[in-house]
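Student: Below are the structure tokens for one structure; questions will follow.
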Amino acid sequence: GFTDDLSEHGFFIRSPQVEGPMSCIQVELEIPGGEKVVLKGQVRWAKRIPLQMVRGGKKGGMGVHIEGFISGEESFRSLFAEEIPKATV
């Protein structure tokens, strides 16, 4: 599958194949630069879409909450390390 909506705490896996909510899964991600990150996550929600509808642009897959890292945690966290400037009031 492909990832969408990546954050420090979770992400969406776009895929016609999904696991049920509360399932524990192991995921390998390739982050920019080609490094592999392996993590454990819990499926929080899933939306099963027939394969032909996925090809037509419908968004099916599952939302995953990150429970822990097996490898690559520092590299993953560095994706979110940029400090966002705060607005002045």
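Following the order of the structure tokens, first chain is A, next is B, and so on, with residues numbered from 1 inside each chain and ligands from 1 in the order they appear.
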Which of stretch 4-82 of chain A end up as strand (DSSP E or B) when DSSP is run on this backbone - answer as JSON, numbers by chain?

Tutor: {"A": [4, 10, 11, 12, 13, 14, 24, 25, 26, 27, 28, 29, 30, 36, 37, 38, 39, 40, 41, 42, 43, 44, 45, 46, 47, 61, 62, 63, 64, 65, 66, 67, 68, 69, 70, 71]}

Student: Output N, CA and C atoms of each residue in that selection to a file, as a short mmCIF file (atom, residue, chain, number, x, y, z; two decimals), in the first residue's frame.

Tutor:
```
data_model
loop_
_atom_site.label_atom_id
_atom_site.label_comp_id
_atom_site.auth_asym_id
_atom_site.auth_seq_id
_atom_site.Cartn_x
_atom_site.Cartn_y
_atom_site.Cartn_z
N ASP A 4 -0.63 7.89 3.52
CA ASP A 4 -1.17 9.25 3.42
C ASP A 4 -1.24 9.79 4.85
N GLY A 10 0.85 8.57 13.85
CA GLY A 10 0.15 7.60 13.03
C GLY A 10 0.10 7.99 11.57
N PHE A 11 -0.62 7.20 10.80
CA PHE A 11 -0.71 7.41 9.36
C PHE A 11 -1.85 6.59 8.79
N PHE A 12 -2.16 6.85 7.53
CA PHE A 12 -3.17 6.10 6.80
C PHE A 12 -2.47 5.24 5.77
N ILE A 13 -2.83 3.96 5.68
CA ILE A 13 -2.31 3.08 4.64
C ILE A 13 -3.42 2.91 3.61
N ARG A 14 -3.18 3.38 2.40
CA ARG A 14 -4.14 3.24 1.31
C ARG A 14 -3.93 1.85 0.71
N CYS A 24 -3.09 -5.58 15.73
CA CYS A 24 -1.69 -5.13 15.83
C CYS A 24 -0.97 -5.57 14.57
N ILE A 25 -0.27 -4.64 13.94
CA ILE A 25 0.43 -4.94 12.70
C ILE A 25 1.87 -4.43 12.77
N GLN A 26 2.72 -5.00 11.94
CA GLN A 26 4.09 -4.52 11.79
C GLN A 26 4.18 -3.92 10.39
N VAL A 27 4.75 -2.71 10.30
CA VAL A 27 4.80 -1.98 9.04
C VAL A 27 6.23 -1.58 8.75
N GLU A 28 6.63 -1.71 7.48
CA GLU A 28 7.93 -1.21 7.04
C GLU A 28 7.67 -0.06 6.09
N LEU A 29 8.21 1.11 6.43
CA LEU A 29 8.07 2.31 5.60
C LEU A 29 9.42 2.66 5.00
N GLU A 30 9.40 3.19 3.81
CA GLU A 30 10.62 3.76 3.22
C GLU A 30 10.44 5.26 3.23
N LYS A 36 14.81 2.61 5.64
CA LYS A 36 13.67 1.81 6.07
C LYS A 36 13.39 2.06 7.55
N VAL A 37 12.11 2.20 7.88
CA VAL A 37 11.65 2.34 9.26
C VAL A 37 10.69 1.17 9.50
N VAL A 38 10.92 0.43 10.56
CA VAL A 38 10.04 -0.69 10.91
C VAL A 38 9.39 -0.36 12.24
N LEU A 39 8.05 -0.47 12.25
CA LEU A 39 7.33 -0.11 13.47
C LEU A 39 6.17 -1.05 13.73
N LYS A 40 5.69 -1.00 14.96
CA LYS A 40 4.49 -1.74 15.35
C LYS A 40 3.38 -0.72 15.50
N GLY A 41 2.21 -1.06 15.00
CA GLY A 41 1.08 -0.16 15.09
C GLY A 41 -0.21 -0.90 15.39
N GLN A 42 -1.22 -0.12 15.72
CA GLN A 42 -2.55 -0.68 15.97
C GLN A 42 -3.53 -0.03 15.00
N VAL A 43 -4.29 -0.86 14.32
CA VAL A 43 -5.30 -0.35 13.40
C VAL A 43 -6.41 0.28 14.23
N ARG A 44 -6.70 1.54 13.97
CA ARG A 44 -7.75 2.24 14.71
C ARG A 44 -9.07 2.21 13.95
N TRP A 45 -8.99 2.25 12.61
CA TRP A 45 -10.19 2.15 11.79
C TRP A 45 -9.80 1.62 10.43
N ALA A 46 -10.78 1.03 9.74
CA ALA A 46 -10.51 0.46 8.42
C ALA A 46 -11.72 0.65 7.52
N LYS A 47 -11.43 0.87 6.24
CA LYS A 47 -12.49 1.03 5.24
C LYS A 47 -12.12 0.16 4.05
N GLY A 61 -8.65 1.82 2.96
CA GLY A 61 -7.44 1.45 3.69
C GLY A 61 -7.68 1.48 5.18
N MET A 62 -6.64 1.82 5.94
CA MET A 62 -6.76 1.80 7.40
C MET A 62 -5.90 2.87 8.05
N GLY A 63 -6.43 3.39 9.15
CA GLY A 63 -5.71 4.34 9.98
C GLY A 63 -4.94 3.59 11.04
N VAL A 64 -3.66 3.88 11.17
CA VAL A 64 -2.77 3.15 12.08
C VAL A 64 -2.16 4.10 13.10
N HIS A 65 -2.26 3.73 14.36
CA HIS A 65 -1.61 4.48 15.45
C HIS A 65 -0.28 3.79 15.74
N ILE A 66 0.80 4.56 15.81
CA ILE A 66 2.14 3.99 16.07
C ILE A 66 2.24 3.62 17.55
N GLU A 67 2.56 2.36 17.80
CA GLU A 67 2.71 1.85 19.17
C GLU A 67 4.18 1.77 19.59
N GLY A 68 5.09 1.58 18.65
CA GLY A 68 6.52 1.49 18.97
C GLY A 68 7.34 1.22 17.72
N PHE A 69 8.64 1.42 17.85
CA PHE A 69 9.55 1.25 16.71
C PHE A 69 10.45 0.05 16.92
N ILE A 70 10.71 -0.66 15.84
CA ILE A 70 11.68 -1.76 15.84
C ILE A 70 13.02 -1.22 15.34
N SER A 71 12.97 -0.38 14.32
CA SER A 71 14.18 0.29 13.82
C SER A 71 13.81 1.58 13.10
#
```

Student: Neighbours of A:Ile31 within 12 Å (only C-alpha atoms; same-chain residues fewer than 5 positions away dropped), as a list in words?

Tutor: Phe2, Thr3, Leu6, Lys36, Val37, Val38, Gly72, Glu73, Glu74, Ser75, Phe76, Arg77, Ser78 and Leu79 of chain A

Student: Please save all heavy atoms of the selected residues as a compact mmCIF listing (two decimals), in the first residue's frame.

Tutor:
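Wrote it out as out30.txt, contents follow:
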```txt
# COMPACT_ATOMS: atom_id res chain seq x y z
N PHE A 2 0.18 2.37 0.04
CA PHE A 2 0.82 3.67 0.08
C PHE A 2 0.35 4.40 1.34
O PHE A 2 -0.74 4.16 1.82
CB PHE A 2 0.45 4.49 -1.16
CG PHE A 2 0.95 3.89 -2.44
CD1 PHE A 2 0.14 3.02 -3.17
CD2 PHE A 2 2.22 4.16 -2.90
CE1 PHE A 2 0.60 2.44 -4.34
CE2 PHE A 2 2.69 3.59 -4.08
CZ PHE A 2 1.87 2.72 -4.80
N THR A 3 1.19 5.30 1.85
CA THR A 3 0.81 6.04 3.05
C THR A 3 0.30 7.43 2.69
O THR A 3 0.72 8.02 1.71
CB THR A 3 2.00 6.18 4.03
OG1 THR A 3 3.08 6.82 3.36
CG2 THR A 3 2.43 4.84 4.58
N LEU A 6 0.59 11.27 7.03
CA LEU A 6 1.63 10.84 7.97
C LEU A 6 1.82 11.88 9.08
O LEU A 6 1.91 13.07 8.80
CB LEU A 6 2.94 10.66 7.20
CG LEU A 6 4.10 9.99 7.90
CD1 LEU A 6 3.79 8.53 8.18
CD2 LEU A 6 5.35 10.08 7.03
N LYS A 36 14.81 2.61 5.64
CA LYS A 36 13.67 1.81 6.07
C LYS A 36 13.39 2.06 7.55
O LYS A 36 14.30 2.12 8.37
CB LYS A 36 13.95 0.32 5.88
CG LYS A 36 14.30 -0.07 4.47
CD LYS A 36 13.09 -0.30 3.64
CE LYS A 36 13.47 -0.96 2.33
NZ LYS A 36 13.04 -0.30 1.18
N VAL A 37 12.11 2.20 7.88
CA VAL A 37 11.65 2.34 9.26
C VAL A 37 10.69 1.17 9.50
O VAL A 37 9.77 0.94 8.71
CB VAL A 37 10.91 3.68 9.46
CG1 VAL A 37 10.33 3.75 10.86
CG2 VAL A 37 11.85 4.84 9.20
N VAL A 38 10.92 0.43 10.56
CA VAL A 38 10.04 -0.69 10.91
C VAL A 38 9.39 -0.36 12.24
O VAL A 38 10.06 -0.01 13.20
CB VAL A 38 10.83 -2.02 10.99
CG1 VAL A 38 9.89 -3.18 11.30
CG2 VAL A 38 11.60 -2.28 9.69
N GLY A 72 14.74 2.50 13.07
CA GLY A 72 14.58 3.75 12.33
C GLY A 72 13.79 4.84 13.03
O GLY A 72 13.40 5.81 12.39
N GLU A 73 13.59 4.73 14.35
CA GLU A 73 12.78 5.73 15.05
C GLU A 73 13.37 7.14 14.91
O GLU A 73 12.64 8.09 14.62
CB GLU A 73 12.63 5.39 16.53
CG GLU A 73 11.82 6.43 17.28
CD GLU A 73 11.53 6.07 18.73
OE1 GLU A 73 12.05 5.05 19.22
OE2 GLU A 73 10.79 6.83 19.37
N GLU A 74 14.65 7.27 15.10
CA GLU A 74 15.28 8.60 15.04
C GLU A 74 15.07 9.23 13.66
O GLU A 74 14.74 10.41 13.54
CB GLU A 74 16.76 8.50 15.37
CG GLU A 74 17.45 9.84 15.49
CD GLU A 74 18.91 9.69 15.94
OE1 GLU A 74 19.17 9.00 16.94
OE2 GLU A 74 19.76 10.28 15.26
N SER A 75 15.24 8.44 12.62
CA SER A 75 15.06 8.96 11.26
C SER A 75 13.61 9.34 11.01
O SER A 75 13.32 10.37 10.39
CB SER A 75 15.49 7.90 10.24
OG SER A 75 16.86 7.64 10.38
N PHE A 76 12.68 8.54 11.51
CA PHE A 76 11.26 8.85 11.36
C PHE A 76 10.93 10.14 12.08
O PHE A 76 10.29 11.03 11.53
CB PHE A 76 10.40 7.70 11.91
CG PHE A 76 8.93 7.93 11.76
CD1 PHE A 76 8.28 7.60 10.58
CD2 PHE A 76 8.19 8.49 12.78
CE1 PHE A 76 6.92 7.82 10.43
CE2 PHE A 76 6.83 8.71 12.65
CZ PHE A 76 6.19 8.37 11.46
N ARG A 77 11.38 10.27 13.32
CA ARG A 77 11.08 11.47 14.11
C ARG A 77 11.69 12.72 13.47
O ARG A 77 11.15 13.82 13.61
CB ARG A 77 11.58 11.30 15.54
CG ARG A 77 10.95 10.14 16.26
CD ARG A 77 9.78 10.58 17.08
NE ARG A 77 9.26 9.44 17.84
CZ ARG A 77 8.00 9.07 17.80
NH1 ARG A 77 7.12 9.73 17.09
NH2 ARG A 77 7.59 8.04 18.51
N SER A 78 12.83 12.56 12.80
CA SER A 78 13.47 13.72 12.18
C SER A 78 12.62 14.31 11.07
O SER A 78 12.78 15.48 10.72
CB SER A 78 14.86 13.35 11.64
OG SER A 78 14.75 12.54 10.48
N LEU A 79 11.68 13.54 10.52
CA LEU A 79 10.78 14.08 9.50
C LEU A 79 9.90 15.19 10.06
O LEU A 79 9.41 16.04 9.33
CB LEU A 79 9.87 12.96 8.95
CG LEU A 79 10.54 11.82 8.21
CD1 LEU A 79 9.52 10.74 7.89
CD2 LEU A 79 11.22 12.32 6.95
```

Student: Which of these residues is nearest to A:Pro50, using only C-alpha atoms: A:Ser15, A:Phe80, A:His9, A:Gly1?

Tutor: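 For A:Pro50, the nearest of the candidates is A:Ser15.
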
Student: Where in chain A does DSSP assign helix (DSSP H, G or I), given as a VMD selection string?

Tutor: chain A and resid 51 to 55 73 to 78

Student: Can you work out the spacing between atom CA of A:Gly20 and atom CA of A:Arg48 in Å, to one decimal?

Tutor: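 Atom-to-atom, atom CA of A:Gly20 to atom CA of A:Arg48, that is 9.6 Å.
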